[in-house]
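File shown: query-v7.txt (compact mmCIF, C-alpha atoms).
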# COMPACT_ATOMS: atom_id res chain seq x y z
CA MET P 1 -0.17 -74.57 -93.56
CA PRO P 2 -3.52 -75.97 -92.36
CA ARG P 3 -3.32 -79.41 -90.74
CA SER P 4 -6.89 -80.10 -89.63
CA VAL P 5 -10.34 -78.72 -90.29
CA ARG P 6 -13.45 -79.31 -88.17
CA PHE P 7 -16.98 -78.05 -88.81
CA SER P 8 -19.00 -76.91 -85.81
CA PRO P 9 -22.01 -79.12 -84.99
CA ASP P 10 -24.42 -76.60 -86.54
CA GLY P 11 -22.26 -76.30 -89.68
CA THR P 12 -21.86 -72.52 -89.48
CA ARG P 13 -18.19 -72.36 -88.38
CA ILE P 14 -14.98 -74.10 -89.39
CA ALA P 15 -12.06 -74.46 -86.98
CA ILE P 16 -8.59 -74.77 -88.53
CA GLY P 17 -5.41 -75.98 -86.82
CA PHE P 18 -2.02 -75.40 -88.40
CA ALA P 19 1.15 -77.49 -88.64
CA VAL P 20 3.67 -74.88 -89.81
CA GLY P 21 3.81 -71.12 -90.17
CA ASN P 22 2.04 -70.12 -86.97
CA PRO P 23 1.48 -73.57 -85.47
CA THR P 24 -0.24 -72.38 -82.29
CA LEU P 25 -2.84 -70.49 -84.32
CA VAL P 26 -6.38 -71.85 -84.16
CA SER P 27 -8.69 -69.93 -86.50
CA VAL P 28 -12.46 -70.07 -86.77
CA LEU P 29 -13.94 -69.21 -90.16
CA SER P 30 -17.44 -68.65 -91.44
CA ALA P 31 -18.65 -71.76 -93.28
CA ARG P 32 -20.74 -69.52 -95.52
CA ASP P 33 -17.96 -67.39 -97.05
CA LEU P 34 -14.71 -68.58 -95.36
CA HIS P 35 -13.82 -65.24 -93.78
CA VAL P 36 -12.01 -65.37 -90.44
CA LEU P 37 -14.49 -64.82 -87.63
CA TYR P 38 -11.87 -64.95 -84.85
CA ASN P 39 -8.73 -66.68 -83.62
CA ALA P 40 -8.74 -68.62 -80.37
CA ASP P 41 -6.58 -67.04 -77.67
CA THR P 42 -3.11 -68.67 -77.68
CA ARG P 43 -1.10 -65.62 -76.56
CA ASP P 44 0.21 -67.46 -73.48
CA ILE P 45 1.98 -70.14 -75.54
CA PRO P 46 5.63 -69.12 -76.10
CA SER P 47 6.32 -68.68 -79.80
CA GLU P 48 9.94 -69.83 -79.44
CA LYS P 49 8.87 -73.36 -78.51
CA LEU P 50 8.17 -75.79 -81.33
CA GLN P 51 4.56 -76.50 -80.44
CA ASN P 52 1.30 -76.82 -82.31
CA LEU P 53 -2.41 -77.15 -81.77
CA ASN P 54 -3.22 -78.99 -84.97
CA GLN P 55 -5.78 -81.53 -83.70
CA LEU P 56 -9.27 -80.11 -83.16
CA ALA P 57 -12.74 -81.05 -81.95
CA TRP P 58 -15.92 -79.17 -81.10
CA SER P 59 -18.10 -80.13 -78.15
CA SER P 60 -21.34 -81.74 -79.34
CA ASP P 61 -23.27 -78.54 -78.55
CA GLY P 62 -20.67 -76.24 -80.16
CA ARG P 63 -20.04 -74.34 -76.93
CA PHE P 64 -16.43 -75.51 -76.61
CA LEU P 65 -13.53 -75.84 -79.02
CA PHE P 66 -10.73 -78.27 -78.11
CA ALA P 67 -7.20 -78.44 -79.51
CA GLY P 68 -4.11 -80.54 -78.94
CA GLY P 69 -0.97 -81.63 -80.72
CA ASN P 70 2.63 -81.07 -79.75
CA TYR P 71 1.58 -78.45 -77.18
CA LYS P 72 2.91 -78.86 -73.66
CA ALA P 73 3.48 -76.70 -70.67
CA GLY P 74 6.42 -76.83 -68.35
CA ASP P 75 10.13 -76.30 -68.12
CA GLY P 76 11.29 -79.06 -70.46
CA SER P 77 11.67 -81.64 -67.71
CA ALA P 78 10.87 -85.29 -68.37
CA GLY P 79 7.69 -85.00 -66.29
CA GLU P 80 5.94 -82.37 -68.37
CA ARG P 81 2.78 -83.44 -70.18
CA TYR P 82 1.14 -82.73 -73.51
CA LEU P 83 -2.14 -80.91 -73.06
CA VAL P 84 -5.62 -80.59 -74.51
CA ARG P 85 -6.69 -76.95 -74.53
CA SER P 86 -10.29 -75.78 -74.43
CA TRP P 87 -11.99 -72.47 -75.15
CA GLY P 88 -15.57 -71.75 -74.13
CA ASN P 89 -17.99 -69.56 -76.07
CA GLY P 90 -17.36 -71.53 -79.27
CA GLY P 91 -13.63 -70.81 -79.23
CA GLN P 92 -13.85 -67.14 -78.21
CA GLY P 93 -13.55 -67.68 -74.46
CA ALA P 94 -10.51 -67.74 -72.21
CA PRO P 95 -8.16 -70.71 -72.72
CA SER P 96 -8.11 -73.57 -70.27
CA ASP P 97 -5.82 -76.61 -70.35
CA VAL P 98 -8.39 -79.26 -69.47
CA TRP P 99 -6.53 -82.56 -69.95
CA ARG P 100 -2.92 -82.86 -68.75
CA GLU P 101 -2.16 -86.57 -68.86
CA ALA P 102 -0.48 -87.28 -72.21
CA ARG P 103 3.17 -88.36 -72.22
CA SER P 104 3.38 -87.97 -75.99
CA PRO P 105 1.71 -85.63 -78.48
CA ILE P 106 -2.03 -85.61 -79.04
CA THR P 107 -2.51 -87.30 -82.42
CA GLY P 108 -6.29 -87.13 -82.63
CA LEU P 109 -9.37 -85.48 -81.12
CA ALA P 110 -12.98 -86.34 -81.91
CA THR P 111 -16.46 -85.51 -80.70
CA LEU P 112 -18.18 -88.67 -79.48
CA ALA P 113 -21.92 -89.37 -79.73
CA ASP P 114 -22.52 -89.04 -75.98
CA GLY P 115 -20.95 -85.57 -75.83
CA ALA P 116 -17.56 -86.82 -74.67
CA ILE P 117 -14.32 -85.89 -76.40
CA GLY P 118 -12.10 -88.70 -77.70
CA VAL P 119 -8.35 -88.20 -77.29
CA VAL P 120 -5.63 -90.32 -78.91
CA THR P 121 -1.94 -89.91 -78.08
CA GLY P 122 1.24 -91.30 -79.57
CA ASP P 123 1.91 -93.53 -76.53
CA PRO P 124 -0.65 -94.89 -77.60
CA VAL P 125 -3.41 -93.97 -75.16
CA VAL P 126 -7.10 -93.68 -76.05
CA VAL P 127 -9.29 -91.64 -73.70
CA ALA P 128 -12.89 -90.51 -73.56
CA MET P 129 -13.12 -87.34 -71.47
CA ARG P 130 -15.86 -85.01 -70.42
CA PRO P 131 -15.57 -81.44 -71.74
CA ASN P 132 -14.15 -80.40 -68.34
CA GLY P 133 -11.20 -82.80 -68.86
CA ARG P 134 -12.27 -85.58 -66.48
CA ASP P 135 -11.65 -89.07 -67.84
CA ILE P 136 -14.66 -91.28 -68.48
CA TRP P 137 -12.43 -94.19 -69.50
CA ALA P 138 -8.89 -94.69 -70.76
CA VAL P 139 -6.97 -97.50 -72.44
CA HIS P 140 -3.19 -97.49 -72.12
CA SER P 141 -0.95 -99.66 -74.25
CA ASN P 142 1.92 -101.74 -72.92
CA ALA P 143 3.51 -101.85 -76.36
CA ALA P 144 6.89 -100.28 -76.92
CA GLY P 145 6.68 -96.92 -78.61
CA PHE P 146 9.23 -95.78 -81.16
CA CYS P 147 7.82 -92.30 -81.60
CA THR P 148 9.86 -89.25 -82.48
CA PRO P 149 7.23 -86.51 -82.41
CA TYR P 150 8.80 -83.47 -84.12
CA VAL P 151 11.96 -82.77 -82.08
CA ASP P 152 11.13 -84.88 -79.04
CA SER P 153 12.44 -88.37 -78.58
CA CYS P 154 11.29 -91.14 -76.29
CA LEU P 155 14.80 -92.05 -75.11
CA GLY P 156 16.45 -88.68 -75.42
CA GLU P 157 19.08 -89.34 -78.11
CA ALA P 158 17.32 -91.99 -80.19
CA GLU P 159 14.22 -94.04 -79.61
CA LEU P 160 15.75 -97.24 -80.96
CA GLN P 161 19.45 -97.74 -80.23
CA LEU P 162 21.73 -100.28 -81.89
CA SER P 163 25.25 -101.10 -80.75
CA ALA P 164 28.12 -100.28 -83.12
CA ASP P 165 28.68 -103.95 -83.97
CA GLY P 166 24.96 -104.70 -84.33
CA SER P 167 24.95 -107.30 -81.55
CA ALA P 168 22.64 -105.44 -79.12
CA VAL P 169 19.54 -103.30 -79.32
CA ARG P 170 17.89 -101.02 -76.73
CA PHE P 171 14.44 -99.44 -76.63
CA ALA P 172 11.91 -98.37 -74.00
CA TYR P 173 8.36 -99.43 -73.24
CA GLY P 174 7.69 -96.11 -71.50
CA PRO P 175 8.14 -92.44 -72.33
CA ASN P 176 11.47 -90.69 -71.89
CA GLY P 177 13.34 -93.97 -71.67
CA ALA P 178 11.23 -95.46 -68.86
CA GLN P 179 11.06 -99.25 -68.70
CA PRO P 180 14.11 -99.82 -70.93
CA ALA P 181 14.64 -103.16 -72.64
CA ASN P 182 18.00 -104.46 -73.83
CA PHE P 183 18.51 -107.42 -76.14
CA SER P 184 21.78 -109.04 -77.16
CA PHE P 185 22.08 -111.13 -80.32
CA GLY P 186 25.56 -112.44 -79.53

Please go through the file and, once you have read it, give me the structure as structure tokens.
Amino acid sequence: MPRSVRFSPDGTRIAIGFAVGNPTLVSVLSARDLHVLYNADTRDIPSEKLQNLNQLAWSSDGRFLFAGGNYKAGDGSAGERYLVRSWGNGGQGAPSDVWREARSPITGLATLADGAIGVVTGDPVVVAMRPNGRDIWAVHSNAAGFCTPYVDSCLGEAELQLSADGSAVRFAYGPNGAQPANFSFG
């Protein structure tokens, strides 16, 4: 099922990211007749992992296609990061994971007027990056996050925990249970 659609800057191609079915698939279609021109190379992403590349952006010149979502690399440890992937040659080039800083899924990508790529994560973090992945600026939130992106959870078992008698609550300001906060009502 398609999740996002982005037209190339010249309007001749349409990139599509998917949420279910084949979630790592990124297809590029002809804007003229909607036939599939090509699929971006995602062969290195294990199909057994629940991951997706459903957030898309083109570089302002159309030379690069960017994708992110619930895609991450690593062994499942708490330190692994969600990634923004890039393909040169308008999405036909070799894949490169250009931004590796997100602690929660990529929830939005956008092409900015100055040629930068805007990245939003569930932390929340808002970043403007160059097409090579280098940050131009970033804003990190100190707010507590109660995200449960797909099967991941900020605290492991539950992102917001309540004691059996309702007298105490626990949550975290950081990812994976970092900076925990406990409150007692009794």

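Proximity to P:Arg134 was assessed for P:Glu80, P:Asp97, P:Asp61, P:Asp165 counting all atoms listed in the file; the smallest distance is recorded for P:Asp97.
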
message = Just to confirm, what's the straight-line distance from atom CA of P:Val139 to atom CA of P:Pro2 in Å (one decimal)?
response = 29.5 Å

Leaving out stretch 35-46 of chain P and any residue of its chain fewer than 3 positions from it, which residues lie within 7 Å of it when counting all atoms listed in the file, given as an mmCIF file with C-alpha atoms, in the coordinates of the input?
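Generated file (out36.cif):
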data_model
loop_
_atom_site.group_PDB
_atom_site.id
_atom_site.type_symbol
_atom_site.label_atom_id
_atom_site.label_comp_id
_atom_site.auth_asym_id
_atom_site.auth_seq_id
_atom_site.Cartn_x
_atom_site.Cartn_y
_atom_site.Cartn_z
ATOM 1 C CA THR P 24 -0.240 -72.380 -82.290
ATOM 2 C CA LEU P 25 -2.840 -70.490 -84.320
ATOM 3 C CA VAL P 26 -6.380 -71.850 -84.160
ATOM 4 C CA SER P 27 -8.690 -69.930 -86.500
ATOM 5 C CA VAL P 28 -12.460 -70.070 -86.770
ATOM 6 C CA LEU P 29 -13.940 -69.210 -90.160
ATOM 7 C CA SER P 30 -17.440 -68.650 -91.440
ATOM 8 C CA LYS P 49 8.870 -73.360 -78.510
ATOM 9 C CA GLY P 91 -13.630 -70.810 -79.230
ATOM 10 C CA GLN P 92 -13.850 -67.140 -78.210
ATOM 11 C CA ALA P 94 -10.510 -67.740 -72.210
ATOM 12 C CA PRO P 95 -8.160 -70.710 -72.720
#

task = Could you check which of P:Ser141, P:Asn22, P:Asn54, P:Ser60 is closest to P:Gly90, using only C-alpha atoms?
result = P:Ser60

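For the set P:Ser96, P:Asn132, P:Asn182, P:Ser59, the residue with the smallest atom-to-atom gap to P:Leu112 is P:Ser59, counting only C-alpha atoms.
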
For atom CA of P:Arg103 and atom CA of P:Trp87, the interatomic separation in Å (one decimal) = 22.2 Å

request  = Starting from the point (-13.4, -88.0, -80.7), work out which residues of protein, DNA or RNA have an atom no more than 12 Å away when counting only C-alpha atoms; state them as a VMD selection string.
outcome  = chain P and resid 6 55 to 60 66 to 67 106 to 121 126 to 131

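Atom CA of P:Gly93 is found 19.9 Å from atom CA of P:Ala31.
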
ask   = Which protein, DNA or RNA residues have an atom at most 6 Å from (-9.7, -81.5, -74.1), counting only C-alpha atoms? List them as a ChimeraX atom specification.
value = /P:66,84-86,98-99,133

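Counting only C-alpha atoms, the residue from P:Gly69, P:Ala138, P:Gln179, P:Ala172 that sits nearest to P:Gly122 is P:Gly69.
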
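Take the candidates P:Ser163, P:Asp123, P:Leu34, P:Trp137 and check each one against P:Ala15 using only C-alpha atoms; the shortest distance goes to P:Leu34.
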
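Nearest residue to P:Pro180, choosing from P:Ser167, P:Arg13, P:Gln161, P:His140 and counting only C-alpha atoms: P:Gln161.
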